[in-house]
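What follows is a single structure, written as structure tokens, with notes after it.
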Amino acid sequence: MRRFVKLLLLLAVAGGAGFGIWYYLRPEPVAVRVATAAPGLVEQTVANTRAGTVKACRRTKLSPSIGGQIAVLDSHEGDRVEAGQLLLELWNKDLAAKVVLAEREAEAGSAKARAACLNAENAEREAERQIKLRKRGVASEETVDRAITDAKAKRADCEAADATARVHTARLGVARAELEKTRLRAPFPGIVAEVSGELNEYVTPSPPGIPTPP
């Protein structure tokens with residue numbers, strides 16, 4: 001029994017000595033500086049081969065979809081922008097004039113359609129009166145046929161004018177879409193990181209003009 005106790009004590013002493021040797025010979029721990037993550041402005045990109053790279057979670061490089069001369073430049077580096085805010089606009093007076101022209105054509109087309117449909121309604125009422133007169137023996141069959149034919153023709157004119165008005169409305173939509181191509185807007189809220197164009201400069205769709213990380 002005493003021998004067993006001595007053996008246990010010997011093992012305990014050997015284990016303690018081994019732990020002491022390991023403790024004094026262990027490598028020094030690497031110093032690490034920590035910080036609490038919180039929302040804030042990303043003013044620059046920090047890169048380190050060991051720690052990683054910090055980037056905005058959502059970013060985009062923007063440029064107009066067509067080429068042209070910069071007429072309006074409402075954004076600068078560091079500006080905070082909202083979704084849909086105008087950043088840049090190209091010279092577009094010709095396209096703006098086309099939009100006005102398309103608006104007037106659409107208005108004229110709608111007016112012609114209303115006039116044609118009013119004429120059709122009047123002709124249809126006249127045809128109904130002639131049919132009633134024919135039943136009483138007052139109007140001739142030829143007069144009734146002519147009134148019915150005239151009503152059908154004017155109804156067709158109404159439908160054609162209405163279709164033409166819809167065409168003018170569609171052309172107005174195309175003109176507005178072409179004008180909108182000259183305007184560069186922010187796709188989401190963020191901060192303008194870089195502006196590569198200047199006022200009155202000519203820009204093309206590539207390279208992108210305004211990177212905007214959120």
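Just remember, in the structure tokens the first chain shown is A, the second B, etc., residues are 1-based per chain, and ligands are 1-based in the order shown.
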Residues within 10 Å of region 139-151 of chain A, only C-alpha atoms, excluding chain neighbours under 4 positions, as a VMD selection string: chain A and resid 119 to 135 155 to 157
Can you pull out the residues contacting Leu95 (chain A)? Cut-off 10 Å, using only C-alpha atoms, and skip same-chain residues under 3 positions away; I want them as a short mmCIF file (atom, residue, chain, number, x, y, z; two decimals) with all heavy atoms, in the first residue's frame.
```cif
data_model
loop_
_atom_site.label_atom_id
_atom_site.label_comp_id
_atom_site.auth_asym_id
_atom_site.auth_seq_id
_atom_site.Cartn_x
_atom_site.Cartn_y
_atom_site.Cartn_z
N TRP A 91 -26.47 66.19 -72.19
CA TRP A 91 -27.20 67.16 -73.00
C TRP A 91 -28.30 66.43 -73.77
O TRP A 91 -28.04 65.44 -74.46
CB TRP A 91 -26.25 67.84 -73.98
CG TRP A 91 -26.90 68.93 -74.78
CD1 TRP A 91 -27.00 70.24 -74.45
CD2 TRP A 91 -27.55 68.79 -76.06
NE1 TRP A 91 -27.67 70.94 -75.41
CE2 TRP A 91 -28.02 70.08 -76.41
CE3 TRP A 91 -27.78 67.73 -76.91
CZ2 TRP A 91 -28.71 70.32 -77.60
CZ3 TRP A 91 -28.47 67.95 -78.09
CH2 TRP A 91 -28.92 69.23 -78.43
N ASN A 92 -29.54 66.89 -73.61
CA ASN A 92 -30.67 66.14 -74.17
C ASN A 92 -31.79 67.04 -74.67
O ASN A 92 -32.96 66.64 -74.67
CB ASN A 92 -31.22 65.18 -73.11
CG ASN A 92 -31.59 65.91 -71.82
OD1 ASN A 92 -31.75 67.12 -71.79
ND2 ASN A 92 -31.72 65.16 -70.74
N LYS A 98 -38.38 66.16 -78.62
CA LYS A 98 -39.13 65.03 -79.18
C LYS A 98 -40.23 64.59 -78.21
O LYS A 98 -41.32 64.18 -78.65
CB LYS A 98 -38.19 63.87 -79.48
CG LYS A 98 -37.28 64.11 -80.68
CD LYS A 98 -36.40 62.89 -80.94
CE LYS A 98 -35.50 63.13 -82.14
NZ LYS A 98 -34.63 61.95 -82.42
N VAL A 99 -39.97 64.68 -76.94
CA VAL A 99 -41.00 64.33 -75.95
C VAL A 99 -42.16 65.30 -76.04
O VAL A 99 -43.33 64.91 -76.02
CB VAL A 99 -40.40 64.31 -74.53
CG1 VAL A 99 -41.50 64.20 -73.48
CG2 VAL A 99 -39.42 63.16 -74.38
N VAL A 100 -41.85 66.60 -76.14
CA VAL A 100 -42.91 67.61 -76.27
C VAL A 100 -43.72 67.37 -77.54
O VAL A 100 -44.96 67.45 -77.53
CB VAL A 100 -42.30 69.02 -76.26
CG1 VAL A 100 -43.38 70.07 -76.52
CG2 VAL A 100 -41.62 69.30 -74.93
N LEU A 101 -43.03 67.09 -78.63
CA LEU A 101 -43.72 66.82 -79.89
C LEU A 101 -44.62 65.60 -79.77
O LEU A 101 -45.77 65.60 -80.23
CB LEU A 101 -42.69 66.60 -81.01
CG LEU A 101 -43.26 66.24 -82.39
CD1 LEU A 101 -44.18 67.35 -82.90
CD2 LEU A 101 -42.13 65.97 -83.37
N ALA A 175 -40.36 58.05 -76.51
CA ALA A 175 -39.60 59.31 -76.43
C ALA A 175 -39.16 59.58 -75.00
O ALA A 175 -38.03 60.02 -74.76
CB ALA A 175 -40.45 60.46 -76.96
N ARG A 176 -40.04 59.33 -74.05
CA ARG A 176 -39.67 59.54 -72.65
C ARG A 176 -38.58 58.58 -72.21
O ARG A 176 -37.70 58.94 -71.42
CB ARG A 176 -40.91 59.40 -71.77
CG ARG A 176 -41.87 60.58 -71.88
CD ARG A 176 -43.15 60.33 -71.11
NE ARG A 176 -44.01 61.52 -71.11
CZ ARG A 176 -45.27 61.52 -70.70
NH1 ARG A 176 -45.83 60.40 -70.25
NH2 ARG A 176 -45.98 62.64 -70.72
N ALA A 177 -38.65 57.33 -72.69
CA ALA A 177 -37.61 56.35 -72.34
C ALA A 177 -36.26 56.76 -72.92
O ALA A 177 -35.22 56.62 -72.26
CB ALA A 177 -38.01 54.97 -72.84
N GLU A 178 -36.25 57.28 -74.15
CA GLU A 178 -35.01 57.74 -74.76
C GLU A 178 -34.43 58.91 -73.97
O GLU A 178 -33.21 59.01 -73.78
CB GLU A 178 -35.25 58.15 -76.21
CG GLU A 178 -35.58 57.00 -77.15
CD GLU A 178 -34.41 56.05 -77.33
OE1 GLU A 178 -33.26 56.51 -77.22
OE2 GLU A 178 -34.64 54.86 -77.60
N LEU A 179 -35.31 59.81 -73.52
CA LEU A 179 -34.84 60.94 -72.72
C LEU A 179 -34.27 60.47 -71.39
O LEU A 179 -33.25 60.98 -70.92
CB LEU A 179 -36.00 61.91 -72.49
CG LEU A 179 -35.70 63.14 -71.62
CD1 LEU A 179 -34.62 64.01 -72.26
CD2 LEU A 179 -36.97 63.95 -71.39
N GLU A 180 -34.89 59.47 -70.79
CA GLU A 180 -34.44 58.98 -69.48
C GLU A 180 -33.07 58.32 -69.57
O GLU A 180 -32.34 58.27 -68.58
CB GLU A 180 -35.47 58.01 -68.91
CG GLU A 180 -35.26 57.65 -67.44
CD GLU A 180 -35.36 58.85 -66.52
OE1 GLU A 180 -36.04 59.84 -66.88
OE2 GLU A 180 -34.75 58.81 -65.43
N LYS A 181 -32.70 57.83 -70.75
CA LYS A 181 -31.38 57.23 -70.92
C LYS A 181 -30.26 58.22 -70.68
O LYS A 181 -29.13 57.83 -70.39
CB LYS A 181 -31.24 56.63 -72.33
CG LYS A 181 -32.01 55.35 -72.55
CD LYS A 181 -31.75 54.82 -73.96
CE LYS A 181 -32.48 53.51 -74.22
NZ LYS A 181 -32.22 53.02 -75.59
N THR A 182 -30.55 59.50 -70.83
CA THR A 182 -29.51 60.52 -70.63
C THR A 182 -29.35 60.90 -69.17
O THR A 182 -28.51 61.74 -68.84
CB THR A 182 -29.87 61.79 -71.44
OG1 THR A 182 -31.08 62.37 -70.92
CG2 THR A 182 -30.07 61.45 -72.91
#
```
Please run DSSP on the backbone and report, as number ranges by chain, all residues within region 39-173 of chain A that come out as strand (DSSP E or B). A: 47-48, 52-53, 61-62, 68-73, 80-81, 86-90
Non-local contacts of Glu89 (chain A) (6 Å; only C-alpha atoms; under 2 positions in same chain excluded) as a list in words: Ala71, Val72, Thr182 and Arg183 of chain A
Tell me which of A:Val203, A:Ala193, A:Leu184, A:Cys158 sits closest to Gly78 (chain A), counting only C-alpha atoms.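 Of A:Val203, A:Ala193, A:Leu184, A:Cys158, the one nearest Gly78 (chain A), counting only C-alpha atoms, is A:Ala193.
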Would you mind telling me which residue in A:Leu90, A:Ala115, A:Ala83, A:Ala108 lies nearest to Gln69 (chain A) when using only C-alpha atoms?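 Of all the options, A:Leu90 lies closest to Gln69 (chain A).
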Expressed in Å to a single decimal, how great is the separation between CA of Arg58 (chain A) and CA of Glu77 (chain A)? 17.1 Å
Show me a table, sorted first by chain and then by increasing residue number, of the residues of region 52-133 of chain A having an atom at most 12 Å from region 160-170 of chain A, each with its shortest atom pair and the distance in Å to one decimal, counting only C-alpha atoms and written as CSV.
```
residue,atom,partner,partner_atom,distance
A:Val99,CA,A:Thr169,CA,10.9
A:Leu101,CA,A:His168,CA,10.2
A:Ala102,CA,A:His168,CA,6.8
A:Glu103,CA,A:Thr169,CA,7.8
A:Arg104,CA,A:His168,CA,9.1
A:Glu105,CA,A:His168,CA,6.2
A:Ala106,CA,A:His168,CA,4.8
A:Glu107,CA,A:Ala165,CA,8.1
A:Ala108,CA,A:Ala165,CA,8.0
A:Gly109,CA,A:Ala165,CA,4.4
A:Ser110,CA,A:Ala165,CA,5.2
A:Ala111,CA,A:Ala165,CA,8.5
A:Lys112,CA,A:Ala161,CA,6.4
A:Ala113,CA,A:Ala161,CA,4.5
A:Arg114,CA,A:Asp162,CA,7.9
A:Ala115,CA,A:Ala161,CA,9.0
A:Ala116,CA,A:Ala161,CA,6.8
A:Cys117,CA,A:Ala161,CA,8.3
A:Leu118,CA,A:Ala161,CA,11.5
A:Asn119,CA,A:Ala161,CA,11.7
A:Ala120,CA,A:Ala161,CA,11.4
```
Can you list, as an mmCIF file with all heavy atoms, in the first residue's frame, every protein, DNA or RNA residue that comes within 10 Å of Phe188 (chain A) when you count only C-alpha atoms, leaving out same-chain residues fewer than 2 positions away?
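Done, and the output landed in result_34.cif:
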```
data_model
loop_
_atom_site.group_PDB
_atom_site.id
_atom_site.type_symbol
_atom_site.label_atom_id
_atom_site.label_comp_id
_atom_site.auth_asym_id
_atom_site.auth_seq_id
_atom_site.Cartn_x
_atom_site.Cartn_y
_atom_site.Cartn_z
ATOM 1 N N ARG A 58 -22.642 46.462 -50.481
ATOM 2 C CA ARG A 58 -23.321 46.654 -51.764
ATOM 3 C C ARG A 58 -22.710 47.862 -52.453
ATOM 4 O O ARG A 58 -22.668 48.945 -51.904
ATOM 5 C CB ARG A 58 -24.825 46.872 -51.548
ATOM 6 C CG ARG A 58 -25.601 46.940 -52.859
ATOM 7 C CD ARG A 58 -27.094 46.842 -52.652
ATOM 8 N NE ARG A 58 -27.603 47.881 -51.790
ATOM 9 C CZ ARG A 58 -28.893 48.210 -51.715
ATOM 10 N NH1 ARG A 58 -29.775 47.564 -52.439
ATOM 11 N NH2 ARG A 58 -29.295 49.163 -50.888
ATOM 12 N N ARG A 59 -22.222 47.679 -53.653
ATOM 13 C CA ARG A 59 -21.575 48.756 -54.392
ATOM 14 C C ARG A 59 -21.838 48.555 -55.870
ATOM 15 O O ARG A 59 -22.126 47.442 -56.326
ATOM 16 C CB ARG A 59 -20.063 48.788 -54.104
ATOM 17 C CG ARG A 59 -19.345 47.513 -54.456
ATOM 18 C CD ARG A 59 -17.914 47.518 -53.938
ATOM 19 N NE ARG A 59 -17.096 48.492 -54.612
ATOM 20 C CZ ARG A 59 -16.406 49.440 -53.969
ATOM 21 N NH1 ARG A 59 -16.468 49.533 -52.659
ATOM 22 N NH2 ARG A 59 -15.673 50.301 -54.623
ATOM 23 N N THR A 60 -21.747 49.621 -56.637
ATOM 24 C CA THR A 60 -21.972 49.522 -58.071
ATOM 25 C C THR A 60 -21.198 50.606 -58.787
ATOM 26 O O THR A 60 -20.931 51.673 -58.212
ATOM 27 C CB THR A 60 -23.474 49.652 -58.402
ATOM 28 O OG1 THR A 60 -23.661 49.517 -59.820
ATOM 29 C CG2 THR A 60 -24.008 51.008 -57.981
ATOM 30 N N VAL A 81 -26.261 60.052 -51.226
ATOM 31 C CA VAL A 81 -27.370 60.140 -52.171
ATOM 32 C C VAL A 81 -28.461 59.155 -51.783
ATOM 33 O O VAL A 81 -28.206 58.155 -51.104
ATOM 34 C CB VAL A 81 -26.890 59.860 -53.611
ATOM 35 C CG1 VAL A 81 -25.895 60.910 -54.066
ATOM 36 C CG2 VAL A 81 -26.259 58.473 -53.721
ATOM 37 N N GLU A 82 -29.661 59.455 -52.214
ATOM 38 C CA GLU A 82 -30.804 58.588 -51.978
ATOM 39 C C GLU A 82 -31.151 57.833 -53.254
ATOM 40 O O GLU A 82 -30.749 58.222 -54.357
ATOM 41 C CB GLU A 82 -32.002 59.407 -51.509
ATOM 42 C CG GLU A 82 -31.774 60.174 -50.214
ATOM 43 C CD GLU A 82 -31.493 59.256 -49.043
ATOM 44 O OE1 GLU A 82 -32.017 58.123 -49.045
ATOM 45 O OE2 GLU A 82 -30.747 59.663 -48.122
ATOM 46 N N ALA A 83 -31.901 56.757 -53.113
ATOM 47 C CA ALA A 83 -32.315 55.964 -54.274
ATOM 48 C C ALA A 83 -33.145 56.831 -55.214
ATOM 49 O O ALA A 83 -34.063 57.540 -54.788
ATOM 50 C CB ALA A 83 -33.126 54.753 -53.822
ATOM 51 N N GLY A 84 -32.809 56.796 -56.509
ATOM 52 C CA GLY A 84 -33.527 57.571 -57.501
ATOM 53 C C GLY A 84 -33.033 58.990 -57.681
ATOM 54 O O GLY A 84 -33.509 59.697 -58.575
ATOM 55 N N GLN A 85 -32.068 59.418 -56.867
ATOM 56 C CA GLN A 85 -31.566 60.795 -56.975
ATOM 57 C C GLN A 85 -30.750 60.964 -58.253
ATOM 58 O O GLN A 85 -29.959 60.096 -58.633
ATOM 59 C CB GLN A 85 -30.705 61.129 -55.761
ATOM 60 C CG GLN A 85 -30.155 62.553 -55.757
ATOM 61 C CD GLN A 85 -29.406 62.862 -54.485
ATOM 62 O OE1 GLN A 85 -29.687 62.294 -53.418
ATOM 63 N NE2 GLN A 85 -28.439 63.751 -54.553
ATOM 64 N N ARG A 185 -29.218 57.905 -62.421
ATOM 65 C CA ARG A 185 -29.796 58.032 -61.081
ATOM 66 C C ARG A 185 -29.198 56.971 -60.155
ATOM 67 O O ARG A 185 -28.774 55.909 -60.598
ATOM 68 C CB ARG A 185 -31.320 57.888 -61.132
ATOM 69 C CG ARG A 185 -31.989 58.935 -62.019
ATOM 70 C CD ARG A 185 -33.505 58.811 -62.005
ATOM 71 N NE ARG A 185 -34.133 59.745 -62.919
ATOM 72 C CZ ARG A 185 -34.424 61.010 -62.617
ATOM 73 N NH1 ARG A 185 -34.131 61.475 -61.413
ATOM 74 N NH2 ARG A 185 -35.000 61.804 -63.509
ATOM 75 N N ALA A 186 -29.203 57.271 -58.872
ATOM 76 C CA ALA A 186 -28.677 56.336 -57.871
ATOM 77 C C ALA A 186 -29.630 55.149 -57.738
ATOM 78 O O ALA A 186 -30.829 55.348 -57.528
ATOM 79 C CB ALA A 186 -28.520 57.029 -56.525
ATOM 80 N N GLY A 190 -26.636 55.588 -50.795
ATOM 81 C CA GLY A 190 -25.213 55.312 -50.599
ATOM 82 C C GLY A 190 -24.386 56.572 -50.614
ATOM 83 O O GLY A 190 -24.912 57.689 -50.500
ATOM 84 N N ILE A 191 -23.080 56.398 -50.755
ATOM 85 C CA ILE A 191 -22.133 57.505 -50.784
ATOM 86 C C ILE A 191 -21.350 57.422 -52.088
ATOM 87 O O ILE A 191 -20.891 56.348 -52.477
ATOM 88 C CB ILE A 191 -21.162 57.442 -49.590
ATOM 89 C CG1 ILE A 191 -21.942 57.578 -48.278
ATOM 90 C CG2 ILE A 191 -20.112 58.545 -49.683
ATOM 91 C CD1 ILE A 191 -21.082 57.421 -47.048
ATOM 92 N N THR A 212 -20.711 53.966 -56.543
ATOM 93 C CA THR A 212 -21.475 54.429 -55.377
ATOM 94 C C THR A 212 -21.666 53.297 -54.381
ATOM 95 O O THR A 212 -22.692 52.626 -54.384
ATOM 96 C CB THR A 212 -22.860 54.970 -55.792
ATOM 97 O OG1 THR A 212 -23.527 53.940 -56.549
ATOM 98 C CG2 THR A 212 -22.738 56.198 -56.650
ATOM 99 N N PRO A 213 -20.695 53.043 -53.493
ATOM 100 C CA PRO A 213 -20.929 52.041 -52.440
ATOM 101 C C PRO A 213 -21.887 52.602 -51.409
ATOM 102 O O PRO A 213 -21.868 53.799 -51.131
ATOM 103 C CB PRO A 213 -19.536 51.831 -51.843
ATOM 104 C CG PRO A 213 -18.833 53.118 -52.103
ATOM 105 C CD PRO A 213 -19.366 53.645 -53.401
ATOM 106 N N PRO A 214 -22.747 51.770 -50.808
ATOM 107 C CA PRO A 214 -23.653 52.268 -49.815
ATOM 108 C C PRO A 214 -22.938 52.534 -48.494
ATOM 109 O O PRO A 214 -21.900 51.989 -48.242
ATOM 110 C CB PRO A 214 -24.676 51.140 -49.675
ATOM 111 C CG PRO A 214 -23.909 49.915 -50.043
ATOM 112 C CD PRO A 214 -22.927 50.346 -51.079
#
```
Provide the CA of Ser75 (chain A) to CA of Asn200 (chain A) distance in Å, to one decimal place.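 These atoms are spaced 14.4 Å apart.
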Using only C-alpha atoms, which of A:Leu73, A:Ala31, A:Ile66, A:Ala97 sits nearest Val195 (chain A)? A:Leu73
May I ask which of the residues A:Ala153, A:Val34, A:Gly67, A:Pro27 is the closest one to Tyr202 (chain A), counting only C-alpha atoms? A:Gly67
